[in-house]
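Below is one structure, written out as structure tokens, with a few remarks after it.
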Amino acid sequence: MASTTAEHPRGGPDRTSPPPKRPRSPRSIALWTAVAAVGAVCWTVLAVSRGETVSALWILFAALGSYAIAYRFYARFIVTRVLKVDDTRATPAERLQNGVDFEVTDRRVLFGHHFAAIAGAGPLVGPVLAAQMGYLPGTIWIVVGVIFAGAVQDLVVMFFSVRRNGKSLGQMVREEIGIVGGVAALIAVFAIMIIILAVLALIVVNALAESPWGVFSIALTIPIALFMGVYLRFLRPGRVLEATGIGVVLLLAAIVLGGVIDSTSLGETLTLSRETLVIALVVYGFVASVLPVWMLLTPRDYLSTFMKIGVIVLLAIGLVIARPVLESEAVSTFAREGNGPVFAGSLFPFVFITIACGALSGFHALIASGTTPKMLAKESQVRVIGYGGMLMESFVAISALIAASVIDRGLYFAMNSPAGATGGTVETAAQFVAGIGFTISPADLTAAAAAVEEPSLISRTGGAPALALGISQIFEGAFGGGLQAFWYHFAIMFEALFILTAVDAGTRVGRFMLQDTIGNIWPRFGDLSWRPGNIMSSAIVVGLWGYILYVGVTDPLGGINQLFPLFGISNQLLAAIALTLCTVLLIKHGKLKYAWVTAVPLAWDLVVTMTASYQKVFSSNPILGYFAQRQRYADALNAGEVLAPAQDLDQMQQIVTNSTVNGVLQSLFAVLVLVVIGNAFVVIARALRAGGHLPTTEVPHQPSSLVEPSGLFPTAEERATMAERRELVGAGRPASHRERPGHTGPDAEESR
Amino acid sequence: MTAVARAWQGVRWYLREFTGESRWDAYVRHCVEHGHPPRTRREFERARADLAERSVENRCC
């Protein structure tokens with residue numbers, strides 16, 4: 001078909017000029033003024049309320065109002081002024097459509113895919129831990145962070161990847177910054193993925209340890225997924241909705257059944273220690289990575305995605321109905337003094353480290369480059385999918401923060417402080433909580449555990465149990481019916497389910513990266529269909545995260561307390577790499593004037609991560625600094641002493657080893673990021689010397705023949721264009737051919 | 001069509017697109033347009049699963 005830009009009403013000779021300004025309608029002005037007013041009122045209430053009861057809904061609406069304003073104005077500014085998205089350009093999906101990875105996808109469907117890929121347990125867990133500082137620091141960082149950093153990163157990375165045929169972050173760093181930066185970025189991405197997988201697995205282990213109900217229902221997800229796999233492969237191929245429907249029903253049955261077996265002998269058998277769960281998870285991770293994806297991974301992904309979206313919607317509804325009151329203070333003393341039991345360090349920088357996902361998550365850059373850009377129909381859709389998708393994740397983080405803040409403070413600290421501090425019994429935990437300035441009686445602690453039918457809630461660290469408790473309280477308040485124990489295990493199940501999905505998928509991605517890299521030296525190893533290569537690389541990846549998981553689980557100081565900062569810092573260091581790439585590209589494209597859009601969040605991110613890294617590596621305070629901690633325990637060990645919370649010399653040795661491992665990893669990440677940034681400075685200097693322009697790997701403009709709306713809802717103008725287009729195309733070719741893409745599928749493979 | 005029916009259609013359309021279930025319909029339509037006989041659904045879904053085997057889809061934290 002002869003398709004030219006002339007056909008396109010918004011095209012024309014001058015493609016780079018901003019779209020013509022339309023006069024604002026009074027209705028639109030009134031609407032946005034109202035949204036701004038609602039947001040401002042909510043923020044004011046949060047800012048001035050002290051020592052009185054504050055409804056959680058103020059947080060919810062402050063966030064929603066801010067998101068709406070940011071999406072409408074800032075995201076629009078970025079796409080039209082800074083990036084100058086150009087819908088007359090054919091996207092990689094249109095130009096390279098092959099029915100496999102390049103595929104024009106409906107923006108609403110792609111939004112769902114992208115959101116399901118970026119949002120996992122991270123935005124749920126980080127805010128729960130950060131609630132130790134009070135609700136206000138976390139709320140401000142989640143909202144401000146997403147608007148100016150997280151969503152900007154996702155949007156800009158996605159845009160640059162679209163302009164480069166969907167290249168991955170690592171490829172872009174290598175080609176646009178340099179080989180040194182490229183190699184450093186590759187190692188950093190791999191290492192960070194390993195840490196992330198280990199910490200995610202640690203959250204599951206902590207949530208399931210000594211909880212037969214949880215173990216039973218999670219274990220049943222494996223046969224349920226296998227059944228769905230068989231159903232889709234042999235019984236009724238392709239009927240995904242049917243299979244998922246059956247899967248969800250079985251899943252709910254598994255949760256109910258878990259309550260029944262809880263007090264039986266099977267329940268006793270399923271009361272597993274953390275160490276046993278580590279072995280089970282490592283074996284599971286390895287098997288899942290080697291098995292064909294149709295058996296376990298694909299069906300599990302369907303289940304986890306539907307559960308994820310279902311729970312998020314339910315939580316939003318539950319919050320509005322239950323209108324819970326915040327139990328947490330706005331800013332706690334731990335924020336100022338840095339002596340909180342949940343994680344060490346003061347508000348700056350550690351709130352910004354603990355909450356990564358939901359505010360600024362570097363991991364998203366891996367999804368925003370690579371998969372999603374190959375499916376975009378129009379460049380302008382990066383706004384709704386990149387920026388909008390991240391706003392939605394931020395909303396999840398806000399909901400989690402609220403759920404953690406409605407729990408009684410004494411109970412919150414009894415749950416989230418390491419066993420070394422609480423002593424593990426209700427009496428010692430009540431004493432400990434009193435020692436840090438809160439009150440809860442042993443009887444209340446026992447009653448709280450009984451309400452969710454768990455043997456104990458003391459030191460159930462990792463964030464997942466506390467979140468599940470908060471969610472169960474909100475749902476019980478909203479829907480009633482005395483189902484708190486069900487909701488608690490429902491929430492645990494849903495977190496564990498998608499953590500396991502992330503662990504499966506992450507292990508596979510790590511395996512592919514490893515095979516790809518080693519394949520450069522040993523081509524056979526790079527062949528994805530070579531079985532021994534798969535097995536070896538899976539074993540290496542699982543072994544690596546398994547080791548760190550083991551370190552976390554057996555750490556006498558409390559694994560989450562030790563590892564979560566490492567997870568947050570590494571995730572945000574990855575963001576630093578992504579934002580560096582974006583800044584370099586803006587400058588290379590001659591947009592120095594707008595480089596602040598990514599340079600300011602980059603500067604902030606670097607200040608936060610480098611301060612945190614510096615403190616974790618060099619602090620002389622053994623609670624904070626890994627090496628100071630190592631020194632303290634090594635000295636005592638040499639003198640033959642045992643320091644609490646270690647109970648014997650073996651545990652002393654373990655602390656020494658663990659702090660060394662953590663400290664070395666922490667330093668390694670920081671150094672790798674500094675290498676990338678150093679290399680970036682060289683490129684920026686070169687660009688500035690060359691008059692603020694350097695050639696890039698951007699694919700030249702090729703005209704698009706697609707007509708698709710930019711946002712979720714088509715504007716009146718877009719509707720008219722699409723109708724006009726249908727008439728134009730109508731004679732020669734069915735309109736549906738262009739408007740409902742996705743018609744090729746494997747057939748494209750066949751016909752090539 | 002009533003509003004409820006339209007909403008239901010929309011939800012159904014979305015879910016089928018989202019899960020990739022509608023790929024089959026699109027494939028059959030494509031075959032009809034181009035005049036070649038479609039494969040069986042079983043073969044088609046197998047081929048899609050084989051593609052998924054080689055694709056890298058990450059899931060974030």
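Chain identifiers are assigned as A, B, and so on, following the order in which chains appear in the structure tokens; residues are numbered from 1 within each chain, and ligands are numbered from 1 in order of appearance.
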Within 10 Å of B:Ala52 using only C-alpha atoms, minus same-chain residues under 3 positions, as a list in words: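 Near neighbours after the sequence-gap exclusion: Val100, Asp101, Pro292, Val293, Trp294 and Thr298 of chain A; Arg46, Ala47, Arg48, Ala49, Ser55, Val56 and Glu57 of chain B.
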Contact residues (chain A, partner chain B, 8 Å, only C-alpha atoms) as number ranges by chain: A: 100-101, 109-110, 112-113, 116-123, 196, 200, 233-234, 237-241, 292-294, 302, 357, 363-364, 366-367, 371, 499, 501-502, 505-506, 508-509, 512, 528, 742-747
Between atom CA of A:Arg383 and atom CA of A:Gly711, distance in Å (one decimal): 7.7 Å
Could you write out, as a PDB file with C-alpha atoms, in the first residue's frame, all the residues of stretch 457-598 of chain A that DSSP marks as helix (DSSP H, G or I)?
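Output contents, as saved in selection.pdb:
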```pdb
ATOM      1  CA  ALA A 464       4.700  -9.569  53.400  1.00  0.00           C
ATOM      2  CA  PRO A 465       3.077 -10.731  56.676  1.00  0.00           C
ATOM      3  CA  ALA A 466       2.611  -7.141  57.899  1.00  0.00           C
ATOM      4  CA  LEU A 467       1.062  -6.165  54.589  1.00  0.00           C
ATOM      5  CA  ALA A 468      -1.183  -9.220  54.657  1.00  0.00           C
ATOM      6  CA  LEU A 469      -2.299  -8.298  58.158  1.00  0.00           C
ATOM      7  CA  GLY A 470      -3.058  -4.725  57.085  1.00  0.00           C
ATOM      8  CA  ILE A 471      -4.964  -5.934  54.028  1.00  0.00           C
ATOM      9  CA  SER A 472      -6.916  -8.453  56.112  1.00  0.00           C
ATOM     10  CA  GLN A 473      -7.912  -5.676  58.543  1.00  0.00           C
ATOM     11  CA  ILE A 474      -9.013  -3.411  55.701  1.00  0.00           C
ATOM     12  CA  PHE A 475     -11.017  -6.161  53.967  1.00  0.00           C
ATOM     13  CA  GLU A 476     -12.571  -7.253  57.229  1.00  0.00           C
ATOM     14  CA  GLY A 477     -13.520  -3.630  57.901  1.00  0.00           C
ATOM     15  CA  ALA A 478     -14.910  -3.164  54.405  1.00  0.00           C
ATOM     16  CA  PHE A 479     -16.662  -6.457  53.717  1.00  0.00           C
ATOM     17  CA  GLN A 484      -9.834 -12.092  58.559  1.00  0.00           C
ATOM     18  CA  ALA A 485      -7.811 -15.338  58.598  1.00  0.00           C
ATOM     19  CA  PHE A 486      -8.917 -16.091  55.041  1.00  0.00           C
ATOM     20  CA  TRP A 487      -7.961 -12.620  53.831  1.00  0.00           C
ATOM     21  CA  TYR A 488      -4.590 -12.834  55.575  1.00  0.00           C
ATOM     22  CA  HIS A 489      -3.706 -16.067  53.816  1.00  0.00           C
ATOM     23  CA  PHE A 490      -5.233 -14.815  50.604  1.00  0.00           C
ATOM     24  CA  ALA A 491      -2.841 -11.856  50.712  1.00  0.00           C
ATOM     25  CA  ILE A 492       0.156 -14.036  51.612  1.00  0.00           C
ATOM     26  CA  MET A 493      -0.720 -16.371  48.769  1.00  0.00           C
ATOM     27  CA  PHE A 494      -1.030 -13.552  46.290  1.00  0.00           C
ATOM     28  CA  GLU A 495       2.321 -12.050  47.243  1.00  0.00           C
ATOM     29  CA  ALA A 496       4.082 -15.404  47.211  1.00  0.00           C
ATOM     30  CA  LEU A 497       2.481 -16.293  43.916  1.00  0.00           C
ATOM     31  CA  PHE A 498       3.838 -13.369  42.035  1.00  0.00           C
ATOM     32  CA  ILE A 499       7.161 -13.407  43.786  1.00  0.00           C
ATOM     33  CA  LEU A 500       7.547 -16.982  42.584  1.00  0.00           C
ATOM     34  CA  THR A 501       6.545 -15.893  39.088  1.00  0.00           C
ATOM     35  CA  ALA A 502       9.208 -13.180  39.243  1.00  0.00           C
ATOM     36  CA  VAL A 503      11.736 -15.711  40.505  1.00  0.00           C
ATOM     37  CA  ASP A 504      10.901 -18.144  37.658  1.00  0.00           C
ATOM     38  CA  ALA A 505      11.025 -15.447  35.017  1.00  0.00           C
ATOM     39  CA  GLY A 506      14.109 -13.779  36.488  1.00  0.00           C
ATOM     40  CA  THR A 507      16.003 -17.055  36.624  1.00  0.00           C
ATOM     41  CA  ARG A 508      15.202 -17.627  32.975  1.00  0.00           C
ATOM     42  CA  VAL A 509      16.260 -14.117  32.014  1.00  0.00           C
ATOM     43  CA  GLY A 510      19.485 -14.515  33.987  1.00  0.00           C
ATOM     44  CA  ARG A 511      20.057 -17.829  32.245  1.00  0.00           C
ATOM     45  CA  PHE A 512      19.544 -16.238  28.808  1.00  0.00           C
ATOM     46  CA  MET A 513      21.935 -13.405  29.696  1.00  0.00           C
ATOM     47  CA  LEU A 514      24.554 -15.862  30.862  1.00  0.00           C
ATOM     48  CA  GLN A 515      24.161 -18.064  27.784  1.00  0.00           C
ATOM     49  CA  ASP A 516      24.305 -15.025  25.548  1.00  0.00           C
ATOM     50  CA  THR A 517      27.463 -13.675  27.202  1.00  0.00           C
ATOM     51  CA  ILE A 518      29.345 -16.959  27.458  1.00  0.00           C
ATOM     52  CA  GLY A 519      28.132 -17.751  23.943  1.00  0.00           C
ATOM     53  CA  PRO A 523      29.234 -20.490  20.752  1.00  0.00           C
ATOM     54  CA  ARG A 524      27.730 -23.847  21.676  1.00  0.00           C
ATOM     55  CA  PHE A 525      26.787 -22.528  25.094  1.00  0.00           C
ATOM     56  CA  GLY A 526      24.861 -19.689  23.527  1.00  0.00           C
ATOM     57  CA  ARG A 531      20.092 -28.902  26.856  1.00  0.00           C
ATOM     58  CA  PRO A 532      23.377 -29.151  28.811  1.00  0.00           C
ATOM     59  CA  GLY A 533      23.877 -25.413  28.310  1.00  0.00           C
ATOM     60  CA  ASN A 534      20.410 -24.729  29.721  1.00  0.00           C
ATOM     61  CA  ILE A 535      21.008 -26.944  32.688  1.00  0.00           C
ATOM     62  CA  MET A 536      24.432 -25.514  33.468  1.00  0.00           C
ATOM     63  CA  SER A 537      23.385 -21.905  33.159  1.00  0.00           C
ATOM     64  CA  SER A 538      20.189 -22.485  35.175  1.00  0.00           C
ATOM     65  CA  ALA A 539      22.255 -24.140  37.882  1.00  0.00           C
ATOM     66  CA  ILE A 540      24.673 -21.204  37.980  1.00  0.00           C
ATOM     67  CA  VAL A 541      21.905 -18.604  38.234  1.00  0.00           C
ATOM     68  CA  VAL A 542      19.914 -20.539  40.831  1.00  0.00           C
ATOM     69  CA  GLY A 543      23.120 -21.293  42.741  1.00  0.00           C
ATOM     70  CA  LEU A 544      23.988 -17.602  42.909  1.00  0.00           C
ATOM     71  CA  TRP A 545      20.668 -16.326  44.192  1.00  0.00           C
ATOM     72  CA  GLY A 546      20.268 -19.458  46.307  1.00  0.00           C
ATOM     73  CA  TYR A 547      23.529 -18.686  48.080  1.00  0.00           C
ATOM     74  CA  ILE A 548      22.531 -15.119  48.863  1.00  0.00           C
ATOM     75  CA  LEU A 549      19.123 -16.322  49.978  1.00  0.00           C
ATOM     76  CA  TYR A 550      20.822 -18.766  52.312  1.00  0.00           C
ATOM     77  CA  VAL A 551      23.030 -15.974  53.643  1.00  0.00           C
ATOM     78  CA  GLY A 552      19.912 -13.934  54.342  1.00  0.00           C
ATOM     79  CA  VAL A 553      17.935 -16.748  55.930  1.00  0.00           C
ATOM     80  CA  THR A 554      20.655 -17.881  58.307  1.00  0.00           C
ATOM     81  CA  GLY A 559      18.271 -11.228  56.728  1.00  0.00           C
ATOM     82  CA  ILE A 560      15.753  -8.608  55.641  1.00  0.00           C
ATOM     83  CA  ASN A 561      17.298  -6.046  57.919  1.00  0.00           C
ATOM     84  CA  GLN A 562      20.687  -6.786  56.302  1.00  0.00           C
ATOM     85  CA  LEU A 563      19.755  -7.463  52.687  1.00  0.00           C
ATOM     86  CA  PHE A 564      16.844  -5.152  51.957  1.00  0.00           C
ATOM     87  CA  PRO A 565      19.065  -2.033  51.822  1.00  0.00           C
ATOM     88  CA  LEU A 566      21.302  -3.864  49.364  1.00  0.00           C
ATOM     89  CA  PHE A 567      18.254  -4.644  47.236  1.00  0.00           C
ATOM     90  CA  GLY A 568      16.974  -1.065  47.298  1.00  0.00           C
ATOM     91  CA  ILE A 569      20.370   0.464  46.609  1.00  0.00           C
ATOM     92  CA  SER A 570      21.116  -1.914  43.731  1.00  0.00           C
ATOM     93  CA  ASN A 571      17.699  -1.307  42.166  1.00  0.00           C
ATOM     94  CA  GLN A 572      18.244   2.435  42.327  1.00  0.00           C
ATOM     95  CA  LEU A 573      21.800   2.109  41.026  1.00  0.00           C
ATOM     96  CA  LEU A 574      20.309   0.418  37.999  1.00  0.00           C
ATOM     97  CA  ALA A 575      18.034   3.453  37.720  1.00  0.00           C
ATOM     98  CA  ALA A 576      21.159   5.608  37.791  1.00  0.00           C
ATOM     99  CA  ILE A 577      22.493   3.699  34.779  1.00  0.00           C
ATOM    100  CA  ALA A 578      19.190   4.123  32.937  1.00  0.00           C
ATOM    101  CA  LEU A 579      18.918   7.831  33.751  1.00  0.00           C
ATOM    102  CA  THR A 580      22.547   8.340  32.708  1.00  0.00           C
ATOM    103  CA  LEU A 581      21.767   6.768  29.346  1.00  0.00           C
ATOM    104  CA  CYS A 582      18.708   9.024  28.963  1.00  0.00           C
ATOM    105  CA  THR A 583      20.682  12.151  29.829  1.00  0.00           C
ATOM    106  CA  VAL A 584      23.506  11.245  27.434  1.00  0.00           C
ATOM    107  CA  LEU A 585      21.002  10.608  24.661  1.00  0.00           C
ATOM    108  CA  LEU A 586      19.158  13.870  25.235  1.00  0.00           C
ATOM    109  CA  ILE A 587      22.487  15.702  24.950  1.00  0.00           C
ATOM    110  CA  LYS A 588      23.631  13.714  21.898  1.00  0.00           C
ATOM    111  CA  LEU A 592      20.927  20.026  26.246  1.00  0.00           C
ATOM    112  CA  LYS A 593      18.287  22.602  27.132  1.00  0.00           C
ATOM    113  CA  TYR A 594      15.988  19.792  28.318  1.00  0.00           C
ATOM    114  CA  TRP A 596      17.485  18.461  33.270  1.00  0.00           C
ATOM    115  CA  VAL A 597      14.375  16.300  32.820  1.00  0.00           C
ATOM    116  CA  THR A 598      16.484  13.201  33.425  1.00  0.00           C
TER     117      THR A 598
END
```
Spatial neighbours of A:Pro299, max dist 9 Å, only C-alpha atoms, sep filter under 2 positions, as a list in words: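 Result of the neighbour search: Ile224, Ala225, Leu226, Phe227, Met228, Gly229, Leu232, Val240, Ala243, Thr244, Gly247, Val293, Trp294, Met295, Leu296, Leu297, Asp301, Tyr302, Leu303 and Ser304 of chain A.
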Between atom CA of A:Ser55 and atom CA of A:Ile402, distance in Å (one decimal):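 Calculated distance between atom CA of A:Ser55 and atom CA of A:Ile402 is 9.8 Å.
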Coordinates-based distance that separates atom CA of A:Leu391 from atom CA of A:Ser704 (Å, one decimal):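 Here the two named atoms are 28.8 Å from each other.
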Residue with smallest distance to A:Ala400 - pool A:Ala70, A:Val256, A:Leu60, A:Val54, counting only C-alpha atoms: A:Leu60
